[in-house]
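Asks: Structure supplied as structure37.cif; contents: mmCIF, C-alpha atoms.
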data_input
#
loop_
_atom_site.label_atom_id
_atom_site.label_comp_id
_atom_site.auth_asym_id
_atom_site.auth_seq_id
_atom_site.Cartn_x
_atom_site.Cartn_y
_atom_site.Cartn_z
CA GLN Y 1 4.02 -2.03 -18.78
CA LYS Y 2 3.72 -1.48 -15.03
CA GLU Y 3 6.40 0.45 -13.17
CA VAL Y 4 6.77 -2.40 -10.66
CA GLU Y 5 6.51 -6.06 -11.63
CA GLN Y 6 5.99 -8.80 -9.07
CA ASP Y 7 5.10 -12.45 -9.64
CA PRO Y 8 1.76 -13.00 -7.85
CA GLY Y 9 2.52 -16.66 -7.16
CA PRO Y 10 0.98 -18.30 -5.25
CA LEU Y 11 4.00 -19.72 -3.44
CA SER Y 12 3.67 -22.71 -1.09
CA VAL Y 13 6.59 -23.88 1.06
CA PRO Y 14 7.04 -26.27 3.99
CA GLU Y 15 7.70 -24.87 7.45
CA GLY Y 16 11.36 -24.05 7.95
CA ALA Y 17 12.07 -23.40 4.26
CA ILE Y 18 13.55 -20.20 2.87
CA VAL Y 19 11.04 -18.00 1.07
CA SER Y 20 12.44 -15.93 -1.80
CA LEU Y 21 10.45 -13.02 -3.22
CA ASN Y 22 11.46 -10.45 -5.80
CA CYS Y 23 10.37 -7.45 -7.84
CA THR Y 24 11.70 -5.58 -10.82
CA TYR Y 25 11.09 -1.95 -11.61
CA SER Y 26 11.59 0.48 -14.45
CA ASN Y 27 11.64 3.96 -12.84
CA SER Y 28 15.18 5.10 -12.09
CA ALA Y 29 13.83 7.80 -9.77
CA PHE Y 30 12.84 5.25 -7.12
CA GLN Y 31 15.16 5.60 -4.15
CA TYR Y 32 13.26 4.07 -1.21
CA PHE Y 33 12.34 0.40 -1.34
CA MET Y 34 9.95 -1.32 1.02
CA TRP Y 35 8.40 -4.68 1.70
CA TYR Y 36 4.93 -4.79 3.21
CA ARG Y 37 3.07 -7.82 4.56
CA GLN Y 38 -0.69 -7.97 4.18
CA TYR Y 39 -2.91 -10.48 5.91
CA SER Y 40 -6.33 -11.21 4.51
CA ARG Y 41 -8.73 -8.28 4.96
CA LYS Y 42 -6.09 -6.17 6.71
CA GLY Y 43 -4.03 -3.16 5.69
CA PRO Y 44 -0.40 -3.51 4.57
CA GLU Y 45 2.15 -3.60 7.40
CA LEU Y 46 5.72 -2.43 6.81
CA LEU Y 47 8.32 -5.20 7.19
CA MET Y 48 11.49 -3.59 5.94
CA TYR Y 49 12.78 -0.63 3.99
CA THR Y 50 16.10 0.04 2.30
CA TYR Y 51 17.50 3.21 0.79
CA SER Y 52 20.60 2.18 -1.15
CA SER Y 53 21.83 -0.87 -2.96
CA GLY Y 54 22.98 -3.72 -0.74
CA ASN Y 55 21.61 -5.98 1.94
CA LYS Y 56 19.66 -5.25 5.10
CA GLU Y 57 18.90 -7.88 7.70
CA ASP Y 58 16.28 -7.88 10.46
CA GLY Y 59 15.85 -11.14 12.32
CA ARG Y 60 14.66 -13.79 9.87
CA PHE Y 61 14.19 -11.23 7.08
CA THR Y 62 16.79 -10.03 4.58
CA ALA Y 63 16.10 -7.37 1.96
CA GLN Y 64 18.36 -6.85 -1.03
CA VAL Y 65 18.40 -3.99 -3.51
CA ASP Y 66 20.35 -3.93 -6.78
CA LYS Y 67 19.77 -0.53 -8.36
CA SER Y 68 21.95 -1.29 -11.37
CA SER Y 69 19.64 -4.18 -12.31
CA LYS Y 70 16.47 -2.51 -10.95
CA TYR Y 71 15.80 -5.63 -8.89
CA ILE Y 72 14.85 -6.09 -5.24
CA SER Y 73 14.46 -9.23 -3.16
CA LEU Y 74 13.14 -10.35 0.21
CA PHE Y 75 14.25 -13.57 1.87
CA ILE Y 76 12.48 -15.14 4.83
CA ARG Y 77 14.54 -17.74 6.71
CA ASP Y 78 13.08 -20.50 8.87
CA SER Y 79 9.59 -19.72 7.60
CA GLN Y 80 6.65 -20.24 9.96
CA PRO Y 81 2.93 -20.83 9.29
CA SER Y 82 2.36 -17.34 10.72
CA ASP Y 83 4.36 -15.95 7.78
CA SER Y 84 1.51 -16.99 5.47
CA ALA Y 85 0.35 -13.73 3.91
CA THR Y 86 0.61 -11.59 0.79
CA TYR Y 87 3.93 -9.78 0.45
CA LEU Y 88 3.96 -6.51 -1.44
CA CYS Y 89 7.04 -4.75 -2.69
CA ALA Y 90 6.74 -0.98 -2.81
CA MET Y 91 9.01 1.85 -3.84
CA LYS Y 92 8.96 5.61 -4.16
CA PRO Y 93 11.02 8.53 -5.40
CA ASP Y 94 9.78 10.78 -2.59
CA TYR Y 95 6.23 10.32 -1.24
CA LYS Y 96 4.14 8.39 -3.79
CA LEU Y 97 4.37 4.63 -3.26
CA SER Y 98 4.20 2.33 -6.28
CA PHE Y 99 3.36 -1.25 -5.38
CA GLY Y 100 3.83 -4.60 -7.02
CA ALA Y 101 0.81 -6.87 -7.36
CA GLY Y 102 1.83 -8.88 -4.29
CA THR Y 103 2.92 -12.51 -3.89
CA THR Y 104 0.70 -14.80 -1.84
CA VAL Y 105 2.77 -17.11 0.36
CA THR Y 106 1.54 -20.17 2.24
CA VAL Y 107 3.83 -21.89 4.75
CA ARG Y 108 2.65 -25.44 5.39
CA ALA Y 109 3.01 -26.84 8.90
CA GLY F 1 -0.58 4.15 20.45
CA ALA F 2 -3.58 4.17 18.13
CA GLY F 3 -2.95 3.44 14.49
CA VAL F 4 -4.76 4.66 11.40
CA SER F 5 -8.47 3.97 11.59
CA GLN F 6 -10.99 3.91 8.78
CA THR F 7 -14.76 3.88 8.81
CA PRO F 8 -16.87 2.16 7.73
CA SER F 9 -15.02 -1.14 7.39
CA ASN F 10 -17.52 -2.23 4.76
CA LYS F 11 -19.85 -0.24 2.56
CA VAL F 12 -22.39 -1.64 0.13
CA THR F 13 -24.13 0.83 -2.13
CA GLU F 14 -26.10 0.92 -5.34
CA LYS F 15 -24.84 2.21 -8.65
CA GLY F 16 -25.33 5.95 -8.90
CA LYS F 17 -25.27 6.64 -5.16
CA TYR F 18 -22.90 8.94 -3.27
CA VAL F 19 -20.50 7.56 -0.61
CA GLU F 20 -18.10 9.03 1.92
CA LEU F 21 -15.18 7.15 3.40
CA ARG F 22 -13.44 8.44 6.51
CA CYS F 23 -9.83 8.20 7.65
CA ASP F 24 -8.40 9.08 11.08
CA PRO F 25 -4.60 9.28 10.81
CA ILE F 26 -2.05 8.70 13.54
CA SER F 27 -1.99 11.70 15.85
CA GLY F 28 0.65 14.23 14.82
CA HIS F 29 1.10 12.89 11.30
CA THR F 30 0.97 15.74 8.81
CA ALA F 31 0.98 13.60 5.66
CA LEU F 32 -2.04 11.54 4.62
CA TYR F 33 -2.54 9.33 1.57
CA TRP F 34 -5.39 7.49 -0.07
CA TYR F 35 -4.81 4.34 -2.14
CA ARG F 36 -7.20 1.97 -3.89
CA GLN F 37 -6.62 -1.79 -3.99
CA SER F 38 -8.51 -3.96 -6.45
CA LEU F 39 -8.73 -7.72 -6.00
CA GLY F 40 -5.42 -9.42 -6.65
CA GLN F 41 -3.57 -6.14 -7.14
CA GLY F 42 -1.31 -3.91 -5.12
CA PRO F 43 -2.58 -0.57 -3.81
CA GLU F 44 -2.66 2.29 -6.31
CA PHE F 45 -2.05 5.88 -5.30
CA LEU F 46 -5.01 8.27 -5.38
CA ILE F 47 -4.14 11.45 -3.48
CA TYR F 48 -1.62 12.90 -1.02
CA PHE F 49 -2.25 15.61 1.60
CA GLN F 50 0.40 17.61 3.39
CA GLY F 51 -1.50 19.37 6.13
CA THR F 52 -4.85 20.62 4.85
CA GLY F 53 -3.96 20.87 1.18
CA ALA F 54 -3.92 18.21 -1.50
CA ALA F 55 -0.29 18.25 -2.64
CA ASP F 56 -0.86 15.65 -5.34
CA ASP F 57 -4.23 14.40 -6.60
CA SER F 58 -2.91 12.92 -9.83
CA GLY F 59 -4.15 9.42 -8.96
CA LEU F 60 -7.84 10.32 -8.71
CA PRO F 61 -9.41 8.47 -11.66
CA ASN F 62 -11.96 11.14 -12.63
CA ASP F 63 -13.95 14.07 -11.29
CA ARG F 64 -16.40 11.79 -9.46
CA PHE F 65 -13.69 11.35 -6.83
CA PHE F 66 -12.85 14.08 -4.35
CA ALA F 67 -11.08 14.18 -1.00
CA VAL F 68 -10.82 16.74 1.77
CA ARG F 69 -8.85 17.26 4.95
CA PRO F 70 -10.21 20.54 6.31
CA GLU F 71 -8.39 20.66 9.65
CA GLY F 72 -5.25 18.77 8.72
CA SER F 73 -6.24 15.61 10.57
CA VAL F 74 -9.29 13.55 9.55
CA SER F 75 -9.81 13.05 5.83
CA THR F 76 -12.89 12.10 3.84
CA LEU F 77 -12.84 10.50 0.40
CA LYS F 78 -16.03 11.26 -1.49
CA ILE F 79 -17.29 9.36 -4.52
CA GLN F 80 -20.23 10.66 -6.53
CA ARG F 81 -22.44 8.65 -8.89
CA THR F 82 -20.73 5.38 -7.96
CA GLU F 83 -20.10 2.79 -10.64
CA ARG F 84 -19.55 -0.96 -10.34
CA GLY F 85 -15.93 -0.43 -11.32
CA ASP F 86 -15.40 1.62 -8.15
CA SER F 87 -15.69 -1.57 -6.08
CA ALA F 88 -12.38 -2.03 -4.29
CA VAL F 89 -10.69 -1.65 -0.91
CA TYR F 90 -9.87 1.97 -0.19
CA LEU F 91 -6.79 2.30 2.01
CA CYS F 92 -5.67 5.32 3.95
CA ALA F 93 -2.12 5.83 5.21
CA SER F 94 -0.39 8.52 7.23
CA SER F 95 3.22 9.50 7.86
CA SER F 96 5.19 12.11 9.76
CA GLY F 97 5.73 14.12 6.58
CA LEU F 98 9.46 14.45 7.14
CA GLN F 99 12.17 13.97 4.54
CA GLY F 100 13.68 10.56 3.96
CA PRO F 101 11.95 7.18 4.06
CA ASP F 102 8.99 8.66 5.98
CA THR F 103 7.24 5.35 6.64
CA GLN F 104 3.59 5.21 5.64
CA TYR F 105 1.34 3.42 8.12
CA PHE F 106 -1.82 1.94 6.66
CA GLY F 107 -5.28 1.57 8.07
CA PRO F 108 -7.37 -1.60 7.64
CA GLY F 109 -9.23 -0.17 4.66
CA THR F 110 -12.86 0.30 3.66
CA ARG F 111 -14.23 -2.41 1.40
CA LEU F 112 -16.60 -0.71 -1.05
CA THR F 113 -19.05 -2.79 -3.05
CA VAL F 114 -21.18 -1.11 -5.71
CA LEU F 115 -24.13 -3.24 -6.79
#
Can the structure from this file be put into structure tokens for me?
Replies:
Amino acid sequence: QKEVEQDPGPLSVPEGAIVSLNCTYSNSAFQYFMWYRQYSRKGPELLMYTYSSGNKEDGRFTAQVDKSSKYISLFIRDSQPSDSATYLCAMKPDYKLSFGAGTTVTVRA
Amino acid sequence: GAGVSQTPSNKVTEKGKYVELRCDPISGHTALYWYRQSLGQGPEFLIYFQGTGAADDSGLPNDRFFAVRPEGSVSTLKIQRTERGDSAVYLCASSSGLQGPDTQYFGPGTRLTVL
């Protein structure tokens, strides 16, 4: 079983919809949680990171971490066609990032 | 400022050949990482440098893979006797090396194809 599980999708939503993404993990040592966005043939780009359980908001993006359930989420409000990409959850105990498989999202205009 | 750069962007080689992949980190970043991303998967950790030394090479799949960072800046990932299973995107990332979240910034990757 992988340390980080993420549904690869694909996920297709109409413009303006809320996109909901999530990951589960098994390693209790993870303490930093990130969401990266990856466009086709590009490197991952950091969207958000959280350290503790709770919510963190940045513009249209909200990240949630529930350490007791080993579950993290990313919500994208008012989704735009430019949000179409693969979203990767990632987490680490200190320096070594463990990634989910990525969820491919398409926002239809 | 300039981000992480990687060369070449694409590399096609034949089975059994030797390849070198180069990474130029963000200036001033002491930490450098190599990851490998297979099609449809997330990146997988290969090796981590703090300065010139490899602090953790536990992700290197076998002894055909080797990486160096002789002056604490540019790094080269070397693969000997390439196999078809080595085909993947090789990503390099760098960070400040400080405690805490220490965000890793990724380069665009080198797409390696072994025929």
Asks: Using all atoms listed in the file, pick whichever of F:Tyr90, F:Tyr35, F:Phe66, F:Phe106 has the shortest atom-to-atom distance to chain Y.
Replies: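 Answer, going by the shortest atom-to-atom distance: F:Phe106.
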Asks: Compile a residue-level contact table for chain Y against chain F at a cut-off of 7 Å, reporting for every qualifying residue the shortest atom pair and its distance in Å to one decimal, with all atoms listed in the file counted, rows ordered by chain and ascending number, as CSV.
Replies:
residue,atom,partner,partner_atom,distance
Y:Tyr32,CA,F:Pro101,CA,6.3
Y:Lys42,CA,F:Pro108,CA,4.8
Y:Gly43,CA,F:Pro108,CA,4.2
Y:Pro44,CA,F:Phe106,CA,6.0
Y:Glu45,CA,F:Phe106,CA,6.9
Y:Leu88,CA,F:Gly42,CA,6.9
Y:Lys96,CA,F:Phe45,CA,6.8
Y:Leu97,CA,F:Phe45,CA,6.9
Y:Ser98,CA,F:Glu44,CA,6.9
Y:Phe99,CA,F:Gly42,CA,5.4
Y:Gly100,CA,F:Gly42,CA,5.5
Y:Ala101,CA,F:Gly42,CA,4.3
Y:Gly102,CA,F:Gly42,CA,5.9
Asks: For range 85-99 of chain F, what centre and edge lengths in Å (one decimal) does the axis-aligned box get once 4 Å is added on each side of all its listed atoms, as AutoDock Vina command-line options?
Replies:
--center_x -1.9 --center_y 6.2 --center_z -0.8 --size_x 36.1 --size_y 24.5 --size_z 29.1
Asks: Hey, what comes out of the PyMOL selection byres ((chain Y and resi 22) around 6) on this file? Could you write it as a list in words?
Replies: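 This file, filtered by the PyMOL selection byres ((chain Y and resi 22) around 6), leaves Leu21, Cys23, Ile72 and Ser73 of chain Y.
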Asks: What's the separation between CA of Thr104 in chain Y and CA of Ser52 in chain Y, in Å to one decimal place?
Replies: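 Atom-to-atom, CA of Thr104 in chain Y to CA of Ser52 in chain Y, that is 26.2 Å.
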Asks: One number please: CA of Val19 in chain F to CA of Gln80 in chain F, in Å, one decimal.
Replies: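 Result for CA of Val19 in chain F versus CA of Gln80 in chain F: 6.7 Å, one decimal.
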Asks: What separation in Å, quoted to one decimal, exists between CA of Gly16 in chain Y and CA of Asp66 in chain Y?
Replies: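 Distance reported for this atom pair: 26.5 Å.
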Asks: Decode the PyMOL selection byres ((chain Y and resi 74) around 10) for the given file into explicit residues and return them as a list in words.
Replies: Val19, Ser20, Leu21, Asn22, Cys23, Met34, Trp35, Leu47, Met48, Asn55, Lys56, Glu57, Phe61, Thr62, Ala63, Gln64, Val65, Ile72, Ser73, Phe75, Ile76, Arg77, Tyr87 and Cys89 of chain Y
Asks: Restricting the calculation to only C-alpha atoms: of F:Ser94, F:Ser87, F:Asn10, F:Gln50, which residue gets closest to Asp24 in chain F?
Replies: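 Looking only at the distances to Asp24 in chain F, the closest residue turns out to be F:Ser94.
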Asks: Select, from Y:Gln31, Y:Tyr95, Y:Leu46, Y:Tyr51, the residue with the minimum atom-to-atom distance to Leu32 in chain F, counting all atoms listed in the file.
Replies: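 Checking each candidate against Leu32 in chain F, we get Y:Tyr95 as the closest.
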Asks: Considering all atoms listed in the file, state which residue in the set F:Gly3, F:Pro61, F:Gly85, F:Pro8 is at the smallest distance from Ile26 in chain F.
Replies: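 Under the stated criterion, the closest residue is F:Gly3.
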Asks: Report the residues retrieved by the PyMOL selection byres ((chain Y and resi 29) around 8) from the displayed file, expressed as an MDAnalysis selection string.
Replies: chainID Y and resid 27:28 30:31 92:93
